[in-house]
Amino acid sequence: MSLTLVPKHRLATVNRLLSKNSPGSVQRMFSFGEKNFASPCASLHQLRSRPDAGHGKPNNSLYDLKLHHFSTLSNEKGNAMDQNACKSSNGSSKNLSEEVIADHAWRQLNHIWTEEEIEKQMATKDTKHEPVTQSDKIMKSIMQVMYHSFNAITGYRQENPTAKSIEWRLIVLESFAGVPGFLAAAFRHFYSLRALERDHGSIYTFLEEAENERMHLLVCLKMFEANPVTRALVIAAQVSMTPFLMMTYAISPPSMHRFVGYLEETAVETYSNIIHHCETEGTHLHREWSHLQAPDIAKSYWALDENASWVTCLKHILADEAHHRDVNHTFAGLPENAENPFIKDHMEDFDRAVMRKSEGMRSSIPSGT
């Protein structure tokens with residue numbers, strides 16, 4: 001079952017119909033023969049009841065729409081799917097149906113952080129997982145050795161670090177951080193093919209994590225130059241650590257996730273320290289970075305304001321890293337073949353992305369058209 005892509009002119013028409021409170025027209029417009037562009041949890045045309053509804057006044061509360069993970073559904077299955085998906089969303093059903101998960105639209109969309117969410121993520125900078133099992137202790141020890149070695153190689157120190165020591169540190173860190181998620185997704189993908197079984201949605205989360213880390217790298221490369229030494233370190237880190245991660249995942253997937261959780265803890269600690277010094281007058285980072293603007297790709301990726309600063313961009317990266325920390329520690333403790341607890345988060349991110357796109361197209365429509 002594939003996703004039906006909707007041309008821009010259709011979405012623009014939807015916005016005009018929504019502004020006129022014409023739900024019936026919207027529903028008819030999203031009908032394609034035997035396929036309906038439907039919302040499993042709530043109808044596209046479901047608007048919040050307002051006093052002025054139905055009196056010719058436009059309803060501008062676009063976020064009141066319940067666009068919950070658009071799927072292409074056959075007419076015969078639509079109603080049954082509606083009921084099943086709603087049960088899952090309101091908590092009365094434990095697992096999401098395979099049909100809902102089979103909707104590809106919500107995959108690999110990054111989360112757009114609000115200011116409140118970023119503050120909460122930044123407040124977790126001291127959150128650490130205490131090793132419980134023997135494998136936890138081994139992974140923690142390996143991470144500690146790598147962390148201190150990395151500090152020595154890059155010349156990084158926590159007290160008033162220089163911009164130069166941070167630049168190549170971030171490039172190397174983000175180039176390596178994009179490896180584990182992709183490896184986990186690949187291993188689970190091949191296992192699903194061999195076992196002829198579902199993956200329960202985990203592949204999507206790991207692919208999104210890998211893509212997110214790669215975007216961090218691309219953003220950093222817009223700000224810093226990767227010199228030959230940095231490039232050599234990137235290659236060395238990938239060549240040396242990828243076999244280790246592959247072997248670890250082949251033997252014990254939870255151990256690799258625990259290792260990545262510890263890695264992300266150090267990343268959150270590093271970014272928190274960087275942000276602190278960027279905002280502290282008299283430091284190297286405040287002098288060199290506090291006035292910088294965020295690169296355009298960062299503004300697009302995280303939906304930042306046009307005048308967003310580099311420090312704001314760093315806060316979004318920290319929030320992503322804190323999320324990866326929690327995701328990997330969660331997977332390290334999940335039983336085998338457990339459902340992915342983060343699927344609904346991906347779907348909500350998709351819903352919000354649709355809203356942002358729709359609002360952007362709505363604002364670009366000339367008045368009176």
# chains A, B, ... in the order shown; residues from 1 in each chain; ligands from 1
call {"tool": "residues_around", "arguments": {"residues": "A:His129", "least_positions_apart": "2", "cutoff": "12 Å", "atoms": "only C-alpha atoms", "output": "CSV table (one decimal) with all heavy atoms, in the first residue's frame"}}
result
chain,number,residue,atom,x,y,z
A,124,THR,N,18.5,18.3,31.4
A,124,THR,CA,18.8,16.8,31.7
A,124,THR,C,20.3,16.6,31.4
A,124,THR,O,20.7,15.4,31.3
A,124,THR,CB,18.0,15.9,30.8
A,124,THR,OG1,18.4,16.1,29.4
A,124,THR,CG2,16.5,16.2,30.9
A,125,LYS,N,21.1,17.6,31.3
A,125,LYS,CA,22.5,17.5,30.9
A,125,LYS,C,23.3,16.6,31.9
A,125,LYS,O,24.3,16.0,31.5
A,125,LYS,CB,23.2,18.8,30.8
A,125,LYS,CG,23.3,19.6,32.1
A,125,LYS,CD,23.9,21.0,31.9
A,125,LYS,CE,24.0,21.8,33.2
A,125,LYS,NZ,24.8,21.2,34.2
A,126,ASP,N,22.8,16.5,33.2
A,126,ASP,CA,23.5,15.7,34.2
A,126,ASP,C,22.9,14.3,34.3
A,126,ASP,O,23.3,13.5,35.2
A,126,ASP,CB,23.5,16.4,35.5
A,126,ASP,CG,24.4,17.7,35.5
A,126,ASP,OD1,25.4,17.7,34.8
A,126,ASP,OD2,24.0,18.7,36.1
A,127,THR,N,21.9,14.0,33.5
A,127,THR,CA,21.3,12.7,33.5
A,127,THR,C,22.2,11.6,33.1
A,127,THR,O,22.7,11.7,31.9
A,127,THR,CB,20.0,12.7,32.7
A,127,THR,OG1,19.1,13.7,33.1
A,127,THR,CG2,19.3,11.3,32.7
A,131,PRO,N,25.5,1.9,35.3
A,131,PRO,CA,25.6,0.6,34.8
A,131,PRO,C,25.1,-0.4,35.8
A,131,PRO,O,25.3,-0.3,37.0
A,131,PRO,CB,27.1,0.4,34.7
A,131,PRO,CG,27.7,1.8,34.5
A,131,PRO,CD,26.8,2.6,35.4
A,132,VAL,N,24.3,-1.4,35.3
A,132,VAL,CA,23.7,-2.5,36.2
A,132,VAL,C,24.3,-3.8,35.9
A,132,VAL,O,24.9,-4.5,36.8
A,132,VAL,CB,22.2,-2.5,35.9
A,132,VAL,CG1,21.6,-3.6,36.8
A,132,VAL,CG2,21.6,-1.2,36.3
A,133,THR,N,24.3,-4.2,34.6
A,133,THR,CA,24.8,-5.5,34.2
A,133,THR,C,26.3,-5.4,33.9
A,133,THR,O,26.9,-4.3,33.8
A,133,THR,CB,24.1,-6.0,33.0
A,133,THR,OG1,24.4,-5.2,31.9
A,133,THR,CG2,22.6,-6.1,33.2
A,136,ASP,N,26.9,-3.6,30.7
A,136,ASP,CA,26.8,-2.1,31.0
A,136,ASP,C,28.1,-1.6,31.4
A,136,ASP,O,28.6,-0.5,30.9
A,136,ASP,CB,25.7,-1.8,32.0
A,136,ASP,CG,24.3,-2.0,31.5
A,136,ASP,OD1,24.2,-2.3,30.3
A,136,ASP,OD2,23.4,-2.0,32.3
A,137,LYS,N,28.7,-2.2,32.4
A,137,LYS,CA,30.0,-1.7,33.0
A,137,LYS,C,31.1,-1.8,31.9
A,137,LYS,O,31.9,-0.8,31.9
A,137,LYS,CB,30.4,-2.6,34.2
A,137,LYS,CG,29.4,-2.5,35.3
A,137,LYS,CD,29.7,-3.4,36.5
A,137,LYS,CE,28.7,-3.3,37.6
A,137,LYS,NZ,28.9,-4.3,38.7
A,139,MET,N,30.7,-1.5,28.6
A,139,MET,CA,30.4,-0.4,27.6
A,139,MET,C,30.8,0.9,28.2
A,139,MET,O,31.3,1.8,27.6
A,139,MET,CB,29.0,-0.5,27.2
A,139,MET,CG,28.6,-1.7,26.4
A,139,MET,SD,29.5,-1.8,24.8
A,139,MET,CE,30.5,-3.3,25.2
A,140,LYS,N,30.5,1.1,29.5
A,140,LYS,CA,30.8,2.4,30.2
A,140,LYS,C,32.3,2.6,30.2
A,140,LYS,O,32.7,3.8,30.0
A,140,LYS,CB,30.2,2.4,31.6
A,140,LYS,CG,30.4,3.6,32.4
A,140,LYS,CD,29.5,4.7,32.0
A,140,LYS,CE,29.5,5.9,33.0
A,140,LYS,NZ,28.6,7.0,32.6
A,258,ARG,N,23.4,0.4,24.6
A,258,ARG,CA,23.9,1.0,25.9
A,258,ARG,C,25.1,1.8,25.7
A,258,ARG,O,25.3,2.9,26.2
A,258,ARG,CB,24.2,-0.1,26.9
A,258,ARG,CG,24.5,0.4,28.3
A,258,ARG,CD,23.2,1.0,28.9
A,258,ARG,NE,22.3,0.0,29.4
A,258,ARG,CZ,21.0,0.3,29.6
A,258,ARG,NH1,20.5,1.5,29.5
A,258,ARG,NH2,20.2,-0.7,30.0
A,259,PHE,N,26.0,1.3,24.8
A,259,PHE,CA,27.2,2.1,24.5
A,259,PHE,C,26.9,3.4,23.8
A,259,PHE,O,27.4,4.5,24.2
A,259,PHE,CB,28.1,1.3,23.5
A,259,PHE,CG,29.3,2.0,22.9
A,259,PHE,CD1,30.4,2.2,23.7
A,259,PHE,CD2,29.2,2.6,21.7
A,259,PHE,CE1,31.5,2.9,23.1
A,259,PHE,CE2,30.2,3.3,21.2
A,259,PHE,CZ,31.4,3.4,21.9
A,260,VAL,N,25.9,3.4,22.9
A,260,VAL,CA,25.5,4.6,22.2
A,260,VAL,C,24.8,5.6,23.2
A,260,VAL,O,25.0,6.8,23.2
A,260,VAL,CB,24.5,4.3,21.0
A,260,VAL,CG1,24.0,5.6,20.4
A,260,VAL,CG2,25.2,3.4,20.0
A,261,GLY,N,24.1,5.0,24.2
A,261,GLY,CA,23.5,5.8,25.2
A,261,GLY,C,24.5,6.6,26.0
A,261,GLY,O,24.4,7.8,26.3
A,262,TYR,N,25.6,5.9,26.3
A,262,TYR,CA,26.7,6.5,27.1
A,262,TYR,C,27.4,7.6,26.2
A,262,TYR,O,27.9,8.6,26.6
A,262,TYR,CB,27.7,5.5,27.5
A,262,TYR,CG,27.2,4.6,28.6
A,262,TYR,CD1,27.5,3.2,28.6
A,262,TYR,CD2,26.4,5.1,29.6
A,262,TYR,CE1,27.0,2.4,29.6
A,262,TYR,CE2,25.9,4.2,30.6
A,262,TYR,CZ,26.2,2.9,30.6
A,262,TYR,OH,25.7,2.0,31.6
A,263,LEU,N,27.6,7.2,24.9
A,263,LEU,CA,28.2,8.2,23.9
A,263,LEU,C,27.4,9.5,23.9
A,263,LEU,O,27.9,10.6,23.9
A,263,LEU,CB,28.3,7.5,22.5
A,263,LEU,CG,28.7,8.4,21.4
A,263,LEU,CD1,30.1,8.9,21.6
A,263,LEU,CD2,28.5,7.7,20.0
A,264,GLU,N,26.0,9.3,23.8
A,264,GLU,CA,25.2,10.5,23.7
A,264,GLU,C,25.2,11.3,25.0
A,264,GLU,O,25.0,12.5,25.0
A,264,GLU,CB,23.7,10.1,23.4
A,264,GLU,CG,23.6,9.4,22.0
A,264,GLU,CD,23.9,10.3,20.8
A,264,GLU,OE1,24.2,11.5,21.1
A,264,GLU,OE2,23.8,9.8,19.7
A,265,GLU,N,25.4,10.6,26.1
A,265,GLU,CA,25.6,11.4,27.4
A,265,GLU,C,26.7,12.3,27.3
A,265,GLU,O,26.7,13.5,27.8
A,265,GLU,CB,25.7,10.4,28.6
A,265,GLU,CG,24.5,9.6,29.0
A,265,GLU,CD,24.7,8.6,30.1
A,265,GLU,OE1,25.9,8.6,30.6
A,265,GLU,OE2,23.8,7.9,30.4
A,266,THR,N,27.8,11.9,26.8
A,266,THR,CA,29.0,12.7,26.6
A,266,THR,C,28.8,13.8,25.6
A,266,THR,O,29.3,15.0,25.8
A,266,THR,CB,30.3,11.9,26.2
A,266,THR,OG1,30.1,11.4,24.9
A,266,THR,CG2,30.5,10.8,27.2
A,325,ARG,N,20.1,9.8,23.3
A,325,ARG,CA,20.5,9.2,24.6
A,325,ARG,C,19.4,8.4,25.2
A,325,ARG,O,19.5,7.2,25.6
A,325,ARG,CB,21.0,10.3,25.6
A,325,ARG,CG,21.3,9.8,27.0
A,325,ARG,CD,21.2,11.0,28.0
A,325,ARG,NE,19.9,11.6,28.0
A,325,ARG,CZ,19.6,12.8,28.4
A,325,ARG,NH1,20.6,13.6,28.8
A,325,ARG,NH2,18.3,13.2,28.5
A,326,ASP,N,18.2,9.0,25.3
A,326,ASP,CA,17.1,8.3,25.9
A,326,ASP,C,16.6,7.2,25.1
A,326,ASP,O,16.2,6.1,25.6
A,326,ASP,CB,15.9,9.4,26.1
A,326,ASP,CG,16.3,10.5,27.1
A,326,ASP,OD1,17.3,10.3,27.9
A,326,ASP,OD2,15.7,11.6,27.0
A,328,ASN,N,18.3,5.3,23.0
A,328,ASN,CA,19.2,4.1,23.0
A,328,ASN,C,19.2,3.4,24.4
A,328,ASN,O,19.3,2.2,24.5
A,328,ASN,CB,20.6,4.5,22.6
A,328,ASN,CG,20.8,4.6,21.1
A,328,ASN,OD1,21.0,3.6,20.5
A,328,ASN,ND2,20.7,5.8,20.6
A,329,HIS,N,19.1,4.2,25.5
A,329,HIS,CA,19.0,3.6,26.8
A,329,HIS,C,17.7,2.8,26.9
A,329,HIS,O,17.7,1.7,27.5
A,329,HIS,CB,19.1,4.6,27.9
A,329,HIS,CG,20.5,5.0,28.2
A,329,HIS,ND1,21.6,4.1,28.3
A,329,HIS,CD2,21.1,6.3,28.4
A,329,HIS,CE1,22.7,4.8,28.6
A,329,HIS,NE2,22.4,6.1,28.6
A,330,THR,N,16.7,3.3,26.2
A,330,THR,CA,15.4,2.6,26.3
A,330,THR,C,15.5,1.3,25.5
A,330,THR,O,15.1,0.2,26.0
A,330,THR,CB,14.3,3.5,25.6
A,330,THR,OG1,14.1,4.7,26.4
A,330,THR,CG2,13.0,2.7,25.6
A,332,ALA,N,18.1,-0.4,25.0
A,332,ALA,CA,19.0,-1.3,25.7
A,332,ALA,C,18.3,-2.1,26.7
A,332,ALA,O,18.7,-3.2,27.1
A,332,ALA,CB,20.2,-0.5,26.3
A,333,GLY,N,17.2,-1.7,27.2
A,333,GLY,CA,16.4,-2.4,28.2
A,333,GLY,C,15.1,-3.0,27.7
A,333,GLY,O,14.4,-3.7,28.5
call {"tool": "residues_around", "arguments": {"residues": "A:Trp113", "least_positions_apart": "4", "cutoff": "7 Å", "atoms": "only C-alpha atoms", "output": "list of chain:residue names"}}
result
A:Glu117, A:Ile118, A:His316
call {"tool": "residues_around", "arguments": {"residues": "A:Met223", "least_positions_apart": "3", "cutoff": "9 Å", "atoms": "only C-alpha atoms", "output": "MDAnalysis selection string"}}
result
chainID A and resid 167 219:220 294:295 310
call {"tool": "residues_around", "arguments": {"residues": "A:Glu279", "least_positions_apart": "6", "cutoff": "10 Å", "atoms": "only C-alpha atoms", "output": "PyMOL selection string"}}
result
chain A and resi 285-287+289-290+311
call {"tool": "write_last_selection", "arguments": {"atoms": "C-alpha atoms", "output": "short mmCIF file (atom, residue, chain, number, x, y, z; two decimals), in the first residue's frame"}}
result
data_model
loop_
_atom_site.label_atom_id
_atom_site.label_comp_id
_atom_site.auth_asym_id
_atom_site.auth_seq_id
_atom_site.Cartn_x
_atom_site.Cartn_y
_atom_site.Cartn_z
CA LEU A 285 33.50 30.91 22.53
CA HIS A 286 31.49 34.00 23.46
CA ARG A 287 33.96 36.19 21.59
CA TRP A 289 30.65 32.37 18.26
CA SER A 290 28.01 34.43 20.10
CA VAL A 311 23.89 29.28 19.62
#
call {"tool": "closest_residue", "arguments": {"among": "A:His257, A:Gly155, A:Ser358, A:Glu348", "to": "A:Phe331", "atoms": "only C-alpha atoms"}}
result
A:His257
